[in-house]
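Asker: One file: run30.cif (mmCIF, C-alpha atoms).
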data_protein
#
loop_
_atom_site.label_atom_id
_atom_site.label_comp_id
_atom_site.auth_asym_id
_atom_site.auth_seq_id
_atom_site.Cartn_x
_atom_site.Cartn_y
_atom_site.Cartn_z
CA MET A 1 -22.71 18.46 -11.90
CA LEU A 2 -22.10 15.46 -14.15
CA LEU A 3 -24.94 13.41 -15.61
CA ILE A 4 -24.28 9.93 -16.99
CA ILE A 5 -27.14 8.79 -19.22
CA HIS A 6 -28.24 5.73 -21.17
CA ALA A 7 -26.39 3.24 -18.96
CA ALA A 8 -27.28 -0.19 -17.64
CA ILE A 9 -26.60 0.59 -13.98
CA VAL A 10 -25.33 -2.21 -11.75
CA THR A 11 -25.82 -1.03 -8.17
CA TRP A 12 -24.00 -3.88 -6.30
CA GLU A 13 -26.28 -3.40 -3.31
CA ASN A 14 -26.84 -6.39 -1.01
CA ALA A 15 -29.81 -7.13 -3.23
CA ASN A 16 -28.14 -6.23 -6.51
CA ARG A 17 -30.12 -4.35 -9.17
CA VAL A 18 -29.61 -3.67 -12.86
CA ILE A 19 -31.36 -0.48 -13.99
CA GLU A 20 -31.88 -0.39 -17.75
CA ASP A 21 -31.45 2.95 -19.55
CA GLY A 22 -30.49 4.47 -16.23
CA ALA A 23 -28.85 7.75 -15.34
CA LEU A 24 -26.67 8.95 -12.47
CA LEU A 25 -26.32 12.53 -11.30
CA ILE A 26 -22.94 13.26 -9.69
CA GLU A 27 -22.39 16.39 -7.63
CA GLY A 28 -18.87 16.91 -6.35
CA ASP A 29 -17.57 13.54 -5.19
CA THR A 30 -20.99 12.04 -4.48
CA ILE A 31 -23.83 10.36 -6.36
CA ARG A 32 -26.89 12.53 -5.77
CA GLU A 33 -29.59 10.81 -7.81
CA ILE A 34 -30.19 7.64 -9.81
CA GLY A 35 -33.16 7.21 -12.09
CA SER A 36 -34.25 6.87 -15.66
CA SER A 37 -32.39 8.73 -18.37
CA ALA A 38 -35.58 10.46 -19.50
CA ASP A 39 -36.37 11.75 -16.00
CA LEU A 40 -32.91 13.04 -15.07
CA LEU A 41 -32.33 14.56 -18.51
CA ALA A 42 -35.58 16.48 -18.19
CA ARG A 43 -34.72 17.77 -14.72
CA TYR A 44 -31.00 18.50 -15.23
CA PRO A 45 -30.63 19.63 -18.84
CA GLU A 46 -27.69 21.96 -18.01
CA ALA A 47 -25.50 19.30 -16.38
CA ASP A 48 -22.37 18.11 -18.17
CA GLN A 49 -23.18 14.80 -19.80
CA ILE A 50 -21.54 11.48 -20.56
CA ASP A 51 -23.64 9.32 -22.85
CA ALA A 52 -22.90 5.71 -21.93
CA ARG A 53 -24.56 4.50 -25.15
CA GLY A 54 -25.86 1.37 -23.46
CA GLN A 55 -22.65 0.49 -21.63
CA ILE A 56 -22.75 -0.96 -18.13
CA ALA A 57 -22.13 1.51 -15.29
CA MET A 58 -20.90 -0.20 -12.15
CA PRO A 59 -18.80 0.61 -9.07
CA GLY A 60 -15.06 0.83 -9.59
CA GLY A 61 -13.01 -2.17 -8.57
CA ILE A 62 -11.37 -2.42 -5.15
CA CYS A 63 -8.06 -4.17 -4.45
CA ALA A 64 -7.63 -5.29 -0.83
CA HIS A 65 -3.88 -6.02 -0.95
CA THR A 66 -1.23 -4.94 -3.45
CA HIS A 67 2.42 -3.89 -3.74
CA PHE A 68 3.12 -0.96 -6.07
CA TYR A 69 6.85 -1.32 -5.37
CA GLY A 70 6.98 -4.62 -7.27
CA ALA A 71 6.50 -2.95 -10.65
CA TYR A 72 10.18 -3.21 -11.54
CA ALA A 73 10.05 -7.00 -11.19
CA ARG A 74 8.35 -7.28 -14.57
CA GLY A 75 10.76 -9.04 -16.94
CA LEU A 76 13.50 -9.15 -14.29
CA ALA A 77 15.88 -12.13 -14.43
CA ILE A 78 16.80 -13.76 -11.11
CA PRO A 79 20.52 -14.71 -11.07
CA GLY A 80 21.42 -18.33 -10.55
CA PRO A 81 19.13 -21.36 -10.57
CA ALA A 82 15.40 -20.80 -10.30
CA PRO A 83 14.15 -20.42 -6.70
CA ARG A 84 12.84 -23.74 -5.39
CA ASN A 85 10.21 -22.39 -2.98
CA PHE A 86 8.65 -19.25 -1.60
CA PRO A 87 11.33 -18.49 1.01
CA GLU A 88 13.91 -18.52 -1.80
CA ILE A 89 11.69 -16.24 -3.89
CA LEU A 90 11.64 -13.75 -0.99
CA GLU A 91 15.40 -13.97 -0.43
CA ARG A 92 16.43 -13.83 -4.08
CA LEU A 93 13.75 -11.67 -5.73
CA TRP A 94 11.66 -9.48 -3.45
CA TRP A 95 14.11 -8.57 -0.71
CA PRO A 96 16.95 -7.67 -3.11
CA LEU A 97 14.47 -5.71 -5.24
CA ASP A 98 13.05 -3.65 -2.38
CA LYS A 99 16.63 -2.82 -1.29
CA SER A 100 17.23 -1.46 -4.80
CA LEU A 101 14.51 1.19 -4.67
CA ASP A 102 15.24 4.88 -4.27
CA GLU A 103 12.82 7.81 -4.32
CA GLU A 104 12.56 7.95 -8.11
CA SER A 105 11.90 4.23 -8.50
CA VAL A 106 9.32 4.34 -5.69
CA ARG A 107 7.56 7.12 -7.60
CA PHE A 108 7.72 5.37 -10.97
CA SER A 109 6.60 2.06 -9.46
CA ALA A 110 3.52 3.78 -8.07
CA LEU A 111 2.74 5.73 -11.22
CA VAL A 112 2.87 2.76 -13.60
CA CYS A 113 0.59 0.78 -11.26
CA LEU A 114 -1.82 3.71 -11.01
CA VAL A 115 -2.06 4.00 -14.80
CA ASP A 116 -2.75 0.26 -14.82
CA ALA A 117 -5.48 0.69 -12.19
CA ILE A 118 -7.22 3.48 -14.11
CA ARG A 119 -7.13 1.45 -17.32
CA HIS A 120 -8.57 -1.60 -15.54
CA GLY A 121 -11.23 0.32 -13.65
CA THR A 122 -9.82 -0.25 -10.16
CA THR A 123 -10.53 2.90 -8.17
CA THR A 124 -9.50 1.91 -4.61
CA LEU A 125 -6.20 0.20 -3.74
CA ILE A 126 -4.78 -0.93 -0.41
CA ASP A 127 -1.00 -0.91 -0.82
CA HIS A 128 1.78 -2.42 1.29
CA HIS A 129 5.13 -0.70 0.66
CA ALA A 130 8.78 -1.62 1.28
CA SER A 131 11.96 0.27 0.32
CA PRO A 132 14.52 -0.18 3.13
CA ASN A 133 17.02 2.22 1.57
CA CYS A 134 14.34 4.88 1.06
CA ILE A 135 12.06 4.81 4.10
CA ASP A 136 11.56 8.36 5.35
CA GLY A 137 8.91 10.13 3.30
CA SER A 138 8.40 7.17 0.96
CA LEU A 139 4.66 7.09 1.69
CA ASP A 140 4.37 10.78 0.77
CA VAL A 141 5.96 9.98 -2.60
CA ILE A 142 3.31 7.31 -3.22
CA ALA A 143 0.47 9.45 -1.88
CA ASP A 144 1.43 12.33 -4.18
CA ALA A 145 1.30 9.96 -7.14
CA VAL A 146 -2.11 8.64 -6.04
CA ASP A 147 -3.45 12.18 -5.74
CA GLN A 148 -2.07 13.01 -9.18
CA ALA A 149 -3.83 9.96 -10.61
CA GLY A 150 -7.07 10.81 -8.81
CA LEU A 151 -7.58 7.36 -7.29
CA ARG A 152 -8.37 6.31 -3.72
CA ALA A 153 -5.71 4.45 -1.72
CA VAL A 154 -4.74 3.13 1.70
CA LEU A 155 -0.98 3.16 2.32
CA CYS A 156 1.45 1.75 4.87
CA TYR A 157 5.15 0.95 5.27
CA GLU A 158 6.30 -2.63 5.87
CA VAL A 159 8.15 -2.86 9.20
CA THR A 160 10.63 -5.75 9.34
CA ASP A 161 13.69 -6.80 11.34
CA ARG A 162 15.48 -8.27 8.35
CA ASP A 163 17.44 -5.03 7.65
CA GLY A 164 18.42 -4.32 11.27
CA ALA A 165 17.01 -2.50 14.28
CA GLU A 166 17.65 1.01 12.94
CA LYS A 167 15.59 0.45 9.80
CA ALA A 168 12.87 -1.31 11.75
CA GLN A 169 12.56 1.80 13.90
CA ALA A 170 12.58 3.99 10.78
CA GLY A 171 9.70 1.90 9.39
CA ILE A 172 7.74 2.37 12.60
CA ALA A 173 8.37 6.12 12.45
CA GLU A 174 7.25 6.32 8.82
CA ASN A 175 3.96 4.59 9.64
CA VAL A 176 3.33 6.88 12.61
CA ARG A 177 4.20 10.01 10.65
CA PHE A 178 2.03 9.07 7.70
CA LEU A 179 -0.95 7.97 9.81
CA LYS A 180 -1.05 11.57 11.01
CA ALA A 181 -0.27 13.17 7.64
CA ALA A 182 -2.91 11.18 5.76
CA GLN A 183 -5.67 12.78 7.81
CA ASP A 184 -5.34 15.88 5.61
CA ARG A 185 -5.77 13.97 2.32
CA ALA A 186 -9.31 13.28 1.13
CA MET A 187 -8.46 10.33 -1.13
CA ILE A 188 -5.69 8.83 1.00
CA ALA A 189 -5.93 6.79 4.18
CA ALA A 190 -3.29 4.95 6.17
CA THR A 191 -2.75 1.85 8.24
CA PHE A 192 0.30 0.36 10.01
CA GLY A 193 2.36 -1.99 7.85
CA LEU A 194 4.17 -5.11 9.05
CA HIS A 195 5.97 -7.61 6.83
CA ALA A 196 5.26 -11.02 8.37
CA GLY A 197 5.77 -12.79 11.65
CA LEU A 198 8.81 -14.66 10.32
CA THR A 199 10.80 -11.40 9.97
CA LEU A 200 9.54 -9.70 13.14
CA SER A 201 10.55 -10.33 16.74
CA ASP A 202 8.09 -10.05 19.60
CA GLU A 203 9.99 -6.96 20.72
CA THR A 204 9.51 -5.20 17.39
CA LEU A 205 5.85 -6.20 17.21
CA GLU A 206 5.33 -4.88 20.73
CA ALA A 207 6.99 -1.62 19.70
CA CYS A 208 4.62 -1.37 16.73
CA VAL A 209 1.57 -1.95 18.92
CA GLN A 210 2.79 0.69 21.36
CA ALA A 211 3.48 3.19 18.57
CA ALA A 212 0.01 2.60 17.09
CA GLU A 213 -1.79 2.73 20.43
CA ARG A 214 -3.29 6.24 20.18
CA LEU A 215 -3.60 6.42 16.41
CA GLY A 216 -6.85 4.48 15.97
CA THR A 217 -5.29 2.09 13.49
CA GLY A 218 -5.03 -1.58 12.80
CA PHE A 219 -2.26 -3.37 10.91
CA HIS A 220 -1.60 -4.82 7.45
CA ILE A 221 0.53 -7.97 7.56
CA HIS A 222 1.28 -11.15 5.60
CA VAL A 223 0.21 -14.27 7.50
CA ALA A 224 0.94 -17.94 6.77
CA GLU A 225 1.50 -17.40 3.07
CA HIS A 226 3.90 -20.36 3.23
CA GLU A 227 4.49 -23.03 5.87
CA ALA A 228 7.71 -21.23 6.80
CA ASP A 229 5.72 -18.56 8.65
CA GLU A 230 4.04 -21.17 10.84
CA GLU A 231 7.27 -23.09 11.36
CA ASP A 232 9.11 -19.93 12.41
CA SER A 233 6.39 -18.97 14.88
CA LEU A 234 6.29 -22.43 16.43
CA ARG A 235 10.07 -22.48 16.73
CA ARG A 236 10.22 -19.01 18.33
CA THR A 237 7.24 -19.16 20.65
CA GLY A 238 5.57 -22.57 20.56
CA GLU A 239 2.50 -20.83 19.08
CA ARG A 240 1.04 -20.84 15.61
CA VAL A 241 1.37 -17.46 13.90
CA VAL A 242 -2.22 -16.23 14.34
CA HIS A 243 -2.17 -17.06 18.05
CA ARG A 244 1.13 -15.22 18.40
CA LEU A 245 -0.19 -12.13 16.63
CA ASN A 246 -3.36 -12.20 18.69
CA ARG A 247 -1.38 -12.40 21.94
CA LEU A 248 0.63 -9.37 20.87
CA GLY A 249 -2.45 -7.27 20.00
CA ILE A 250 -2.07 -7.20 16.21
CA LEU A 251 -5.48 -8.60 15.19
CA GLY A 252 -8.85 -6.87 15.13
CA PRO A 253 -11.52 -5.27 12.92
CA LYS A 254 -9.08 -2.71 11.45
CA THR A 255 -6.38 -5.27 10.62
CA ILE A 256 -5.80 -7.02 7.27
CA VAL A 257 -3.94 -10.32 7.13
CA ALA A 258 -2.90 -11.25 3.62
CA HIS A 259 -3.06 -14.86 2.40
CA ALA A 260 -3.70 -17.08 5.48
CA VAL A 261 -3.04 -20.08 3.23
CA HIS A 262 -1.67 -22.33 5.97
CA VAL A 263 -3.74 -21.34 9.02
CA ASP A 264 -5.52 -24.16 10.82
CA GLU A 265 -9.03 -24.38 12.27
CA SER A 266 -8.05 -22.82 15.60
CA GLU A 267 -6.42 -19.87 13.81
CA ARG A 268 -9.45 -19.35 11.58
CA ALA A 269 -11.59 -19.17 14.71
CA VAL A 270 -9.36 -16.42 16.16
CA LEU A 271 -9.42 -14.45 12.91
CA ARG A 272 -13.20 -14.73 12.78
CA ASP A 273 -13.75 -13.87 16.44
CA THR A 274 -11.48 -10.82 16.30
CA GLY A 275 -13.14 -9.54 13.10
CA THR A 276 -9.80 -9.51 11.30
CA TRP A 277 -9.97 -9.13 7.53
CA VAL A 278 -8.39 -11.92 5.46
CA SER A 279 -7.23 -11.03 1.96
CA HIS A 280 -7.06 -13.72 -0.75
CA GLN A 281 -4.65 -13.38 -3.71
CA PRO A 282 -5.10 -16.43 -5.97
CA ARG A 283 -2.83 -15.38 -8.85
CA SER A 284 0.06 -14.76 -6.48
CA ASN A 285 -0.56 -17.98 -4.57
CA MET A 286 -0.41 -19.95 -7.80
CA ASN A 287 2.68 -18.11 -9.02
CA ASN A 288 4.54 -18.70 -5.75
CA ALA A 289 3.31 -22.31 -5.49
CA VAL A 290 2.28 -21.80 -1.86
CA GLY A 291 -1.08 -23.57 -2.05
CA ALA A 292 -4.61 -22.23 -1.77
CA ALA A 293 -6.43 -20.82 1.24
CA ALA A 294 -9.56 -22.59 2.50
CA VAL A 295 -11.78 -19.95 0.94
CA ASP A 296 -15.03 -21.91 0.99
CA THR A 297 -14.51 -22.89 4.61
CA MET A 298 -13.63 -19.33 5.59
CA LEU A 299 -16.75 -17.95 3.95
CA ALA A 300 -18.93 -20.66 5.51
CA GLU A 301 -17.48 -19.81 8.92
CA GLY A 302 -18.42 -16.15 8.49
CA MET A 303 -14.92 -14.73 8.12
CA PRO A 304 -14.59 -11.30 6.46
CA LEU A 305 -12.77 -12.49 3.35
CA VAL A 306 -11.67 -9.96 0.72
CA LEU A 307 -9.82 -10.08 -2.61
CA GLY A 308 -6.46 -8.53 -3.47
CA ASN A 309 -3.82 -9.01 -6.16
CA ASP A 310 -0.47 -8.95 -4.30
CA GLY A 311 1.13 -6.75 -6.96
CA PHE A 312 -0.22 -8.50 -10.05
CA SER A 313 -2.00 -6.29 -12.59
CA ASN A 314 -4.85 -4.19 -11.25
CA ASN A 315 -7.29 -6.08 -13.46
CA MET A 316 -9.41 -7.33 -10.57
CA TRP A 317 -11.67 -9.36 -12.86
CA ALA A 318 -8.61 -11.53 -13.58
CA GLU A 319 -8.39 -12.10 -9.84
CA TRP A 320 -12.09 -13.06 -9.75
CA LYS A 321 -11.47 -15.61 -12.50
CA ALA A 322 -8.38 -17.03 -10.81
CA ALA A 323 -10.26 -17.46 -7.53
CA TYR A 324 -13.18 -19.08 -9.32
CA LEU A 325 -10.91 -21.63 -11.06
CA LEU A 326 -8.13 -22.26 -8.54
CA HIS A 327 -10.28 -23.79 -5.83
CA LYS A 328 -12.07 -26.06 -8.29
CA VAL A 329 -8.88 -27.54 -9.67
CA ILE A 330 -7.07 -27.89 -6.35
CA SER A 331 -10.02 -29.70 -4.77
CA ARG A 332 -11.25 -31.40 -7.97
CA ASP A 333 -14.71 -30.18 -7.01
CA PRO A 334 -16.58 -27.87 -9.43
CA ARG A 335 -18.79 -26.65 -6.60
CA ARG A 336 -15.96 -24.78 -4.88
CA ALA A 337 -15.67 -20.97 -5.00
CA PRO A 338 -19.03 -20.42 -6.73
CA GLY A 339 -19.39 -17.27 -8.79
CA ASP A 340 -21.77 -15.52 -6.42
CA ALA A 341 -19.37 -16.09 -3.50
CA VAL A 342 -16.42 -14.72 -5.48
CA ALA A 343 -18.50 -11.69 -6.48
CA ARG A 344 -19.62 -11.06 -2.90
CA MET A 345 -16.00 -11.21 -1.70
CA ALA A 346 -14.75 -8.85 -4.42
CA THR A 347 -17.58 -6.32 -4.21
CA GLN A 348 -19.50 -6.19 -0.94
CA HIS A 349 -16.70 -7.45 1.32
CA ASN A 350 -14.03 -5.31 -0.35
CA ALA A 351 -16.33 -2.29 -0.11
CA ARG A 352 -16.93 -2.77 3.61
CA LEU A 353 -13.16 -3.00 4.11
CA ALA A 354 -12.60 0.23 2.17
CA GLU A 355 -15.20 1.93 4.37
CA VAL A 356 -13.12 1.04 7.45
CA PHE A 357 -10.47 3.44 6.14
CA PHE A 358 -12.86 6.09 4.78
CA PRO A 359 -15.39 6.24 7.63
CA GLY A 360 -18.69 7.89 6.92
CA ARG A 361 -18.47 7.23 3.19
CA THR A 362 -20.43 4.61 1.24
CA ILE A 363 -18.08 2.88 -1.19
CA GLY A 364 -18.55 0.17 -3.79
CA THR A 365 -22.22 0.67 -4.61
CA LEU A 366 -24.15 3.00 -6.91
CA ILE A 367 -26.84 4.57 -4.74
CA PRO A 368 -27.61 8.17 -3.77
CA GLY A 369 -25.13 9.35 -1.16
CA ALA A 370 -22.36 6.95 -2.19
CA VAL A 371 -18.98 8.15 -3.39
CA ALA A 372 -18.91 8.56 -7.15
CA ASP A 373 -16.32 5.84 -7.88
CA LEU A 374 -17.56 4.08 -11.02
CA ILE A 375 -16.65 2.71 -14.40
CA LEU A 376 -18.30 2.22 -17.77
CA VAL A 377 -17.91 -1.22 -19.34
CA ASP A 378 -18.52 -1.79 -23.05
CA TYR A 379 -20.11 -5.21 -22.62
CA HIS A 380 -23.11 -6.07 -24.74
CA PRO A 381 -24.26 -9.61 -23.85
CA PHE A 382 -25.78 -12.02 -26.33
CA THR A 383 -27.70 -13.79 -23.54
CA PRO A 384 -29.91 -12.24 -20.85
CA LEU A 385 -28.02 -10.32 -18.16
CA THR A 386 -29.74 -9.98 -14.79
CA ALA A 387 -28.77 -9.04 -11.25
CA GLY A 388 -28.76 -12.74 -10.44
CA ASN A 389 -26.50 -13.99 -13.21
CA LEU A 390 -24.15 -11.01 -13.45
CA PRO A 391 -21.26 -12.75 -11.60
CA TRP A 392 -21.08 -15.40 -14.32
CA HIS A 393 -21.22 -12.78 -17.08
CA ILE A 394 -18.21 -11.14 -15.43
CA LEU A 395 -16.35 -14.43 -14.99
CA PHE A 396 -16.94 -15.69 -18.52
CA GLY A 397 -17.55 -12.55 -20.56
CA PHE A 398 -15.96 -9.41 -19.12
CA GLU A 399 -12.45 -8.40 -20.20
CA ALA A 400 -10.36 -5.53 -18.89
CA SER A 401 -10.22 -4.00 -22.36
CA MET A 402 -13.95 -3.36 -22.06
CA VAL A 403 -13.45 -0.60 -19.45
CA THR A 404 -13.85 2.66 -21.35
CA THR A 405 -14.33 5.25 -18.59
CA THR A 406 -13.06 5.45 -15.01
CA ILE A 407 -14.37 7.97 -12.48
CA ALA A 408 -13.22 8.39 -8.88
CA ALA A 409 -14.78 10.83 -6.42
CA GLY A 410 -16.68 12.35 -9.34
CA ARG A 411 -13.51 13.11 -11.30
CA VAL A 412 -13.18 11.58 -14.76
CA LEU A 413 -9.80 9.85 -14.85
CA MET A 414 -10.25 8.04 -18.16
CA ARG A 415 -12.81 8.71 -20.87
CA ASP A 416 -13.28 6.64 -23.98
CA ARG A 417 -10.11 4.71 -23.05
CA ARG A 418 -7.93 7.85 -22.86
CA VAL A 419 -6.28 8.40 -19.48
CA LEU A 420 -6.75 12.06 -18.55
CA THR A 421 -4.94 12.57 -15.26
CA LEU A 422 -1.59 10.93 -16.02
CA ASP A 423 0.77 11.05 -19.00
CA GLU A 424 0.65 7.33 -19.72
CA ALA A 425 3.30 7.27 -22.46
CA GLY A 426 5.59 9.67 -20.60
CA ILE A 427 5.41 7.65 -17.39
CA ALA A 428 6.18 4.40 -19.22
CA ALA A 429 9.14 5.97 -21.01
CA ALA A 430 10.58 7.49 -17.84
CA ALA A 431 10.12 4.27 -15.84
CA ARG A 432 11.73 2.26 -18.63
CA ALA A 433 14.69 4.64 -18.81
CA TYR A 434 15.22 4.36 -15.07
CA ALA A 435 14.87 0.57 -14.92
CA PRO A 436 18.53 -0.28 -15.73
CA LYS A 437 19.67 1.57 -12.57
CA VAL A 438 17.21 -0.39 -10.43
CA TRP A 439 18.10 -3.68 -12.10
CA GLU A 440 21.83 -3.07 -11.67
CA ARG A 441 21.38 -2.53 -7.94
CA TYR A 442 19.09 -5.56 -7.79
CA GLU A 443 21.71 -7.74 -9.49
CA GLN A 444 24.26 -6.81 -6.82
CA HIS A 445 21.89 -7.52 -3.93
CA ALA A 446 20.59 -10.74 -5.52
CA ARG A 447 24.07 -12.14 -6.14
CA TRP A 448 25.01 -11.36 -2.54
CA ALA A 449 21.89 -13.27 -1.40
CA LEU A 450 22.76 -16.16 -3.72
CA GLY A 451 26.30 -16.43 -2.35
CA LYS A 452 25.73 -15.86 1.34
#
So, in terms of structure tokens, how does the structure I just supplied come out?
Answerer:
Amino acid sequence: MLLIIHAAIVTWENANRVIEDGALLIEGDTIREIGSSADLLARYPEADQIDARGQIAMPGGICAHTHFYGAYARGLAIPGPAPRNFPEILERLWWPLDKSLDEESVRFSALVCLVDAIRHGTTTLIDHHASPNCIDGSLDVIADAVDQAGLRAVLCYEVTDRDGAEKAQAGIAENVRFLKAAQDRAMIAATFGLHAGLTLSDETLEACVQAAERLGTGFHIHVAEHEADEEDSLRRTGERVVHRLNRLGILGPKTIVAHAVHVDESERAVLRDTGTWVSHQPRSNMNNAVGAAAVDTMLAEGMPLVLGNDGFSNNMWAEWKAAYLLHKVISRDPRRAPGDAVARMATQHNARLAEVFFPGRTIGTLIPGAVADLILVDYHPFTPLTAGNLPWHILFGFEASMVTTTIAAGRVLMRDRRVLTLDEAGIAAAARAYAPKVWERYEQHARWALGK
């Protein structure tokens, strides 16, 4: 048993509470009791203890959409003139990079992102993987790294037609294989990955639906991140992309669509009515200059909107802050994306999504019976902090460097800012030593894309 004492406990229940000088008793992977430090210390004096010393204890962060495989893009130079738009970014950065990945670079990409997640207090990650020259078994490589780190993750492989029919079929097979294999891993779940409608034919999408039919899964797909996705769908089928995906059986309460920046009112209605999860990634949207999703409208319409990072750092508070600011500046309306709405999206909505993949478990809240995924934050406010104003303390006061301890499923992954489950320096050194091989392959693929 592990007893955390002298913490300001943020429960993140629907009616959020802050428990001063609180204590949590963890048994195995589950929170068993929450109460006052004096009471639990008196009743469990033999339990191992972590003295929070007044720090805030709160649920670990959850990322609804990320790409571990993008780690080797950091500092990478794109040959030729700068890409003019998002389609060029895909063709000249991301697709040449994913072609450059082999088993070792898939492993290192995952490990460096997992160290980053532990340091930033993000305990659950929903990843979307692509490595067309290393498909078979690639999800096992990532899952092994996640298990080594001690975090919780949902994995899938991105099926696409852009590398030919044989690799599209290999991507389907990898999803099917891993959906079965993940059932034996306590901290790993799986879904069925698809790139985006603009790189998938109806025939391939139908094959994916058929392959997934008896596996109890939904899908994880990029939707209308840029106008090109809508334009492609209209050109192919005369339908907007959400209507096309709905016709083909892709949408539903186990499916995540990432971005949905350029969907219209009719598409939003379909997403809402099918219970499809929509993941918002503001930092990525700004970086790729694709625009901003109608977040306020989506929330007002009752859509299940969640928050991801699209491969940016696993500092989810940075994503909160970007969401809070982006919609104000793009609309020139300071009322947009209010702090409580951003917090609800990032905590309660993200937690309900995580529970889709870990059924029967309570995630993202600190109550008895919930999974023991939590962090300690060394934040000592100079103004009153309450359950009601906490979102604004996070938006204007919290920094990632304030995370001192990260715990997932009752296992201490970082304590007093020292990562315990991974060799942080060794991983960085090995990834850095391997980078020139990845970058050399990338340069070849990128120059081919530039000249084609």
Asker: Need the shell around Ala110 in chain A: protein/DNA/RNA residues with any atom at most 10 Å away, counting all atoms listed in the file. Skip same-chain ones fewer than 6 positions apart. Format as a PDB file with C-alpha atoms, in the frame of the given file?
Answerer:
ATOM      1  CA  HIS A  67       2.420  -3.890  -3.740  1.00  0.00           C
ATOM      2  CA  PHE A  68       3.120  -0.960  -6.070  1.00  0.00           C
ATOM      3  CA  TYR A  69       6.850  -1.320  -5.370  1.00  0.00           C
ATOM      4  CA  GLY A  70       6.980  -4.620  -7.270  1.00  0.00           C
ATOM      5  CA  ALA A  71       6.500  -2.950 -10.650  1.00  0.00           C
ATOM      6  CA  GLU A 104      12.560   7.950  -8.110  1.00  0.00           C
ATOM      7  CA  ASP A 116      -2.750   0.260 -14.820  1.00  0.00           C
ATOM      8  CA  ASP A 127      -1.000  -0.910  -0.820  1.00  0.00           C
ATOM      9  CA  HIS A 129       5.130  -0.700   0.660  1.00  0.00           C
ATOM     10  CA  VAL A 141       5.960   9.980  -2.600  1.00  0.00           C
ATOM     11  CA  ILE A 142       3.310   7.310  -3.220  1.00  0.00           C
ATOM     12  CA  ALA A 143       0.470   9.450  -1.880  1.00  0.00           C
ATOM     13  CA  ASP A 144       1.430  12.330  -4.180  1.00  0.00           C
ATOM     14  CA  ALA A 145       1.300   9.960  -7.140  1.00  0.00           C
ATOM     15  CA  VAL A 146      -2.110   8.640  -6.040  1.00  0.00           C
ATOM     16  CA  ALA A 149      -3.830   9.960 -10.610  1.00  0.00           C
TER      17      ALA A 149
END
Asker: Please report the interatomic distance between CA of Ala224 in chain A and CA of Lys328 in chain A in Å with one decimal.
Answerer: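 Rounded to one decimal, the two atoms are 21.5 Å apart.
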Asker: Assuming 8 Å of padding per side, give the centre and edge lengths of the axis-aligned box around every listed atom of range 205-224 of chain A, in Å to one decimal and as lines of an AutoDock Vina configuration file.
Answerer:
center_x = 0.1
center_y = -5.8
center_z = 13.5
size_x = 29.8
size_y = 40.4
size_z = 31.8
Asker: Ranking A:Leu93, A:Leu24, A:Ile367, A:Ile427 by minimum distance to Trp448 in chain A and counting only C-alpha atoms, which one comes first?
Answerer: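 Under the stated criterion, the closest residue is A:Leu93.
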Asker: Please build the interface table for range 42-111 of chain A against range 441-444 of chain A with a cut-off of 8 Å, listing for each qualifying residue the nearest atom pair and the distance in Å to one decimal; count all atoms listed in the file, order rows by chain and increasing number, and write it as JSON lines.
Answerer:
{"residue": "A:Ile78", "atom": "CA", "partner": "A:Glu443", "partner_atom": "CA", "distance": 7.9}
{"residue": "A:Pro79", "atom": "CA", "partner": "A:Glu443", "partner_atom": "CA", "distance": 7.2}
{"residue": "A:Pro96", "atom": "CA", "partner": "A:Tyr442", "partner_atom": "CA", "distance": 5.6}
{"residue": "A:Leu97", "atom": "CA", "partner": "A:Tyr442", "partner_atom": "CA", "distance": 5.3}
{"residue": "A:Lys99", "atom": "CA", "partner": "A:Tyr442", "partner_atom": "CA", "distance": 7.5}
{"residue": "A:Ser100", "atom": "CA", "partner": "A:Arg441", "partner_atom": "CA", "distance": 5.3}
Asker: Residues of the last selection are to be written out with C-alpha atoms, as a CSV table (one decimal), keeping the file's coordinate frame.
Answerer:
chain,number,residue,atom,x,y,z
A,78,ILE,CA,16.8,-13.8,-11.1
A,79,PRO,CA,20.5,-14.7,-11.1
A,96,PRO,CA,17.0,-7.7,-3.1
A,97,LEU,CA,14.5,-5.7,-5.2
A,99,LYS,CA,16.6,-2.8,-1.3
A,100,SER,CA,17.2,-1.5,-4.8
Asker: So how many Å separate CA of His445 in chain A and CA of Asn85 in chain A, to one decimal?
Answerer: 18.9 Å
